[in-house]
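Taking it in order: structure first as structure tokens, then the write-up.
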Amino acid sequence: MTTELKRILLAEDNANDLELTLAALQQHNLANEVIPVRDGAEALDYLYRRGAYANRDDGPPALVLLDLKMPKVDGLEVLETIKGDPQLRLIPVVMLTSSREESDLIRSYKLGVNAYVVKPVDFSEFMDAVRQIGAFWAVVNEVPPGAASQEP
Amino acid sequence: MSMFIAGAERIPISRKLTRMNMLVSTSALLMACLTFFAYDLLTFRDTIVQNLSIQAQMAGSTSVSAILFNDVETATQTLAALEAAPAVLSAEILTPDGKSFARYRRPGSPSGGPAPVIPQGQDEVHVFAADSVGVARRTVIDGTETGVIYIRSDLQSLYARLASYAVLAGAVLLFSAVTALIVSRLARRTVTEPIVEVATLAHRIARSNDYSVRASVTAAASSEVATVVEAFNEMVTGIQQRDQALAEAREQLEARVRQRTAELDVAYQDLEAFSYSVSHDLRAPLRHVTGFATLLGQHLGPSADERSRRYLQTMSAAATRMGRLIDDLLAFSRMGRASLAPRRVDLGQLVREAQAELMPDTAGRDIEWDVRELPSVYADPALLRPVVVNLLSNAVKYTSTRPTAHIEIGSIRSEDGDAVVFIRDNGVGFDMAYVDKLFGVFQRLHRSDEFSGTGIGLANVRRIIQRHGGRTWAHGEVNQGATFYFSLPEPA
């Protein structure tokens, strides 16, 4: 049993959604280390260690939770960038969005998303979904080597 | 087209005319020839007979004395003089009592039969045979019969005449046939050529649909033919004009269809964009309402009183319900726009899958399923499944007040070959007075606290079945259960 902390990069532009997601993660002790970013550009800055995150010295996150609709750079573009970059391709990406549109589903899977979860309106269902995501990706799932931080 | 194939066995008009011409002229001439020749030959035969009679008289008178004096030798010599007449076959002198007195026979010819009897009161009698004619005549001197002369002649001359007449007739008929042929050639120009031209043109038009050709009217053509040609030309002009008008109308229609399709595409795109933003943007605030209501509840913790808790719950429930309504509406609109991919679907299998899907709702309930023989139908399985699920789910839902639910699923074949499926339950039923509202969007016949649901399921069912070309209807009685029907047409 490792003691490493599995970091979750959470990209969400809506403040309310962000608060709710964090609360849900917290309630299930999955907060671990959640890095919230407010749009796609910030998410990429984090991943590429530039801009505000130029001095980041830890490894890639264990999981990326992406919202679809974000200003500047939206979720699909971030997904495309991640899955197109050999350095970042291995990071699991889960779409967490309120859109159930088939076109979004198809495009996300075509770009190689690992999972696509629709945010339910009912909060208890939402909490359950977050718990399941967190429990699976951040605990049960074996991350690709080199993804998690090596030292706590 | 087939009439032209049969026409290959039909005779061209010019040949018919020629044949008719020849038939008329040759038969007329033949009649004339035959009549004339027959008359002539009969007359000729009479002449032969006359000659024979004269010869008999002469022989009779010159042999009178020989007969009287019983001078056989002189009589025979007299008769032998007849050798000079090459046609005479034989001659005989008989005594009044019928005995043969003197004879002559042309060398080489067979002897004729006995002389005929001359009836009383007559002086002469003629005998006709196939190749000879004979005359028997009484020789009378001063009223007394001295004997009978019987001369036979062959019919060579007659036959020779007949032969030459036949040759003549043949020559004449040949001449007339040739003349008829020539005349027919001339007739062609005025009679048959215009008609043949019309026929050829008609054939060409029928095969190539080229309406620009016209038949020509020659000045020599007869009036009816000219009428035919002119009428034909008018007809073709008419067809050409109508054809053009049709083509123009079709072009206009197609342009209009293209325009409408373009408009439809734009409308579809608008609808797509609309439902996309609805699904995304409308849900977010609802999520926030439920989320923060729950967090507030958690935050207040045990200090929250009953009323506060109830208010928070109501807010959450309302927001959740609105979320479900949005989902249902979106699904409904999507069903309406989705393209249909129909194929053979095993309805029995679909029902089994639906029952499996409803397991969470049927767990713990006492439900008697009566699933009859179900046919295979022609439908889009992806769209038919929600129909079956919805109808079964309704049956399950509205029988929840019964201790034992009876749900019957079966099918019947209608008169026009459609498959009709029914789902019958023994649930709370409905008042037939409101049957029209049953399939309406968001229409409900029960309050939400009696039975949950958004009221869109049956509207979806109707929409989907309608898109398949089928019908939906229902029959129910309050507290006696309900039966829901839908039909699916068989492909032609």
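Naming scheme: A, B, ... for chains in displayed order of the structure tokens; residues 1 onward per chain; ligands 1 onward as shown.
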
Run DSSP on the backbone and grab whatever in stretch 364-472 of chain B lands in helix (DSSP H, G or I); send it over as a PyMOL selection string. chain B and resi 381-398+432-437+457-467

Find the residues in chain A near chain B: any atom within 7 Å counts, using only C-alpha atoms. Write them as a compact mmCIF listing (two decimals) with N, CA, C and O atoms, in the first residue's frame.
```
# COMPACT_ATOMS: atom_id res chain seq x y z
N ASN A 16 -19.86 27.70 -8.80
CA ASN A 16 -20.77 26.85 -8.03
C ASN A 16 -20.46 25.38 -8.24
O ASN A 16 -20.39 24.59 -7.29
N ASP A 17 -20.29 25.02 -9.52
CA ASP A 17 -19.97 23.62 -9.80
C ASP A 17 -18.68 23.22 -9.13
O ASP A 17 -18.54 22.10 -8.60
N LEU A 20 -19.31 22.61 -5.49
CA LEU A 20 -20.06 21.36 -5.26
C LEU A 20 -19.16 20.15 -5.46
O LEU A 20 -19.20 19.18 -4.69
N SER A 98 -22.20 18.43 -17.91
CA SER A 98 -23.66 18.27 -17.87
C SER A 98 -24.23 17.96 -19.25
O SER A 98 -25.42 17.80 -19.40
N SER A 99 -23.38 17.86 -20.26
CA SER A 99 -23.91 17.61 -21.60
C SER A 99 -23.98 16.11 -21.88
O SER A 99 -22.99 15.40 -21.78
N GLU A 101 -25.14 15.26 -24.87
CA GLU A 101 -25.30 15.26 -26.32
C GLU A 101 -24.41 14.21 -26.97
O GLU A 101 -23.23 14.10 -26.66
N VAL A 121 -28.42 16.03 -11.99
CA VAL A 121 -28.98 17.21 -11.33
C VAL A 121 -29.14 16.94 -9.83
O VAL A 121 -28.87 17.79 -8.99
N ASP A 122 -29.56 15.75 -9.53
CA ASP A 122 -29.77 15.40 -8.12
C ASP A 122 -28.43 15.34 -7.40
O ASP A 122 -27.50 14.67 -7.85
N PHE A 123 -28.31 16.03 -6.30
CA PHE A 123 -27.01 16.17 -5.66
C PHE A 123 -26.50 14.86 -5.07
O PHE A 123 -25.31 14.57 -5.12
```

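The gap separating atom CA of B:Leu173 from atom CA of B:Ala38 is 16.9 Å, in Å to one decimal.
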
Where in chain A does DSSP assign strand (DSSP E or B), given as a ChimeraX atom specification? /A:7-11,33-37,63-66,93-97,115-118

Neighbours of B:Glu224 within 12 Å (only C-alpha atoms; same-chain residues fewer than 2 positions away dropped), as a PyMOL selection string? chain B and resi 190-192+194-195+217+220-222+226-231

Deliver the residues from the most recent selection as a file, using N, CA, C and O atoms, as a PDB file, in the first residue's frame.
```pdb
ATOM      1  N   THR B 190     -49.068   8.536-104.602  1.00  0.00           N
ATOM      2  CA  THR B 190     -50.157   9.354-104.067  1.00  0.00           C
ATOM      3  C   THR B 190     -50.835   8.727-102.857  1.00  0.00           C
ATOM      4  O   THR B 190     -51.349   9.423-102.008  1.00  0.00           O
ATOM      5  N   VAL B 191     -50.872   7.413-102.816  1.00  0.00           N
ATOM      6  CA  VAL B 191     -51.665   6.802-101.736  1.00  0.00           C
ATOM      7  C   VAL B 191     -50.789   6.296-100.606  1.00  0.00           C
ATOM      8  O   VAL B 191     -50.922   6.706 -99.462  1.00  0.00           O
ATOM      9  N   THR B 192     -49.865   5.397-100.972  1.00  0.00           N
ATOM     10  CA  THR B 192     -49.190   4.696 -99.887  1.00  0.00           C
ATOM     11  C   THR B 192     -48.018   5.468 -99.290  1.00  0.00           C
ATOM     12  O   THR B 192     -47.761   5.389 -98.086  1.00  0.00           O
ATOM     13  N   PRO B 194     -47.404   8.656 -98.422  1.00  0.00           N
ATOM     14  CA  PRO B 194     -47.651   9.521 -97.255  1.00  0.00           C
ATOM     15  C   PRO B 194     -47.984   8.693 -96.012  1.00  0.00           C
ATOM     16  O   PRO B 194     -47.531   9.002 -94.908  1.00  0.00           O
ATOM     17  N   ILE B 195     -48.781   7.648 -96.210  1.00  0.00           N
ATOM     18  CA  ILE B 195     -49.181   6.832 -95.054  1.00  0.00           C
ATOM     19  C   ILE B 195     -47.972   6.117 -94.474  1.00  0.00           C
ATOM     20  O   ILE B 195     -47.785   6.055 -93.260  1.00  0.00           O
ATOM     21  N   VAL B 217     -46.687  16.620 -96.429  1.00  0.00           N
ATOM     22  CA  VAL B 217     -47.932  16.414 -97.194  1.00  0.00           C
ATOM     23  C   VAL B 217     -47.635  16.708 -98.661  1.00  0.00           C
ATOM     24  O   VAL B 217     -47.382  17.837 -99.029  1.00  0.00           O
ATOM     25  N   ALA B 220     -49.948  15.527-104.235  1.00  0.00           N
ATOM     26  CA  ALA B 220     -50.651  14.461-104.951  1.00  0.00           C
ATOM     27  C   ALA B 220     -51.471  13.580-104.010  1.00  0.00           C
ATOM     28  O   ALA B 220     -52.310  12.824-104.443  1.00  0.00           O
ATOM     29  N   ALA B 221     -51.260  13.702-102.702  1.00  0.00           N
ATOM     30  CA  ALA B 221     -51.940  12.796-101.774  1.00  0.00           C
ATOM     31  C   ALA B 221     -53.439  13.026-101.779  1.00  0.00           C
ATOM     32  O   ALA B 221     -53.911  14.145-101.929  1.00  0.00           O
ATOM     33  N   SER B 222     -54.174  11.946-101.593  1.00  0.00           N
ATOM     34  CA  SER B 222     -55.631  12.060-101.569  1.00  0.00           C
ATOM     35  C   SER B 222     -56.089  12.745-100.285  1.00  0.00           C
ATOM     36  O   SER B 222     -55.356  12.813 -99.310  1.00  0.00           O
ATOM     37  N   ALA B 226     -54.193  13.167 -96.693  1.00  0.00           N
ATOM     38  CA  ALA B 226     -53.706  14.481 -96.281  1.00  0.00           C
ATOM     39  C   ALA B 226     -54.238  14.817 -94.892  1.00  0.00           C
ATOM     40  O   ALA B 226     -53.510  15.354 -94.041  1.00  0.00           O
ATOM     41  N   THR B 227     -55.514  14.487 -94.656  1.00  0.00           N
ATOM     42  CA  THR B 227     -56.101  14.737 -93.330  1.00  0.00           C
ATOM     43  C   THR B 227     -55.335  13.983 -92.254  1.00  0.00           C
ATOM     44  O   THR B 227     -55.017  14.532 -91.196  1.00  0.00           O
ATOM     45  N   VAL B 228     -55.045  12.709 -92.557  1.00  0.00           N
ATOM     46  CA  VAL B 228     -54.302  11.903 -91.580  1.00  0.00           C
ATOM     47  C   VAL B 228     -52.954  12.533 -91.276  1.00  0.00           C
ATOM     48  O   VAL B 228     -52.559  12.685 -90.120  1.00  0.00           O
ATOM     49  N   VAL B 229     -52.259  12.921 -92.343  1.00  0.00           N
ATOM     50  CA  VAL B 229     -50.913  13.479 -92.147  1.00  0.00           C
ATOM     51  C   VAL B 229     -50.988  14.764 -91.336  1.00  0.00           C
ATOM     52  O   VAL B 229     -50.220  14.965 -90.394  1.00  0.00           O
ATOM     53  N   GLU B 230     -51.932  15.620 -91.700  1.00  0.00           N
ATOM     54  CA  GLU B 230     -52.024  16.884 -90.965  1.00  0.00           C
ATOM     55  C   GLU B 230     -52.397  16.643 -89.501  1.00  0.00           C
ATOM     56  O   GLU B 230     -51.817  17.253 -88.594  1.00  0.00           O
ATOM     57  N   ALA B 231     -53.361  15.743 -89.290  1.00  0.00           N
ATOM     58  CA  ALA B 231     -53.769  15.449 -87.912  1.00  0.00           C
ATOM     59  C   ALA B 231     -52.597  14.888 -87.124  1.00  0.00           C
ATOM     60  O   ALA B 231     -52.376  15.239 -85.958  1.00  0.00           O
TER      61      ALA B 231
END
```

Could you tell me which of B:Tyr165, B:Ala354, B:Ile93, B:Lys99 comes closest to B:Thr35 if we count only C-alpha atoms? B:Tyr165

Do you have the atom CA of B:Glu193-atom CA of B:Ile13 distance handy?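 Computing it gives 9.2 Å between the two atoms.
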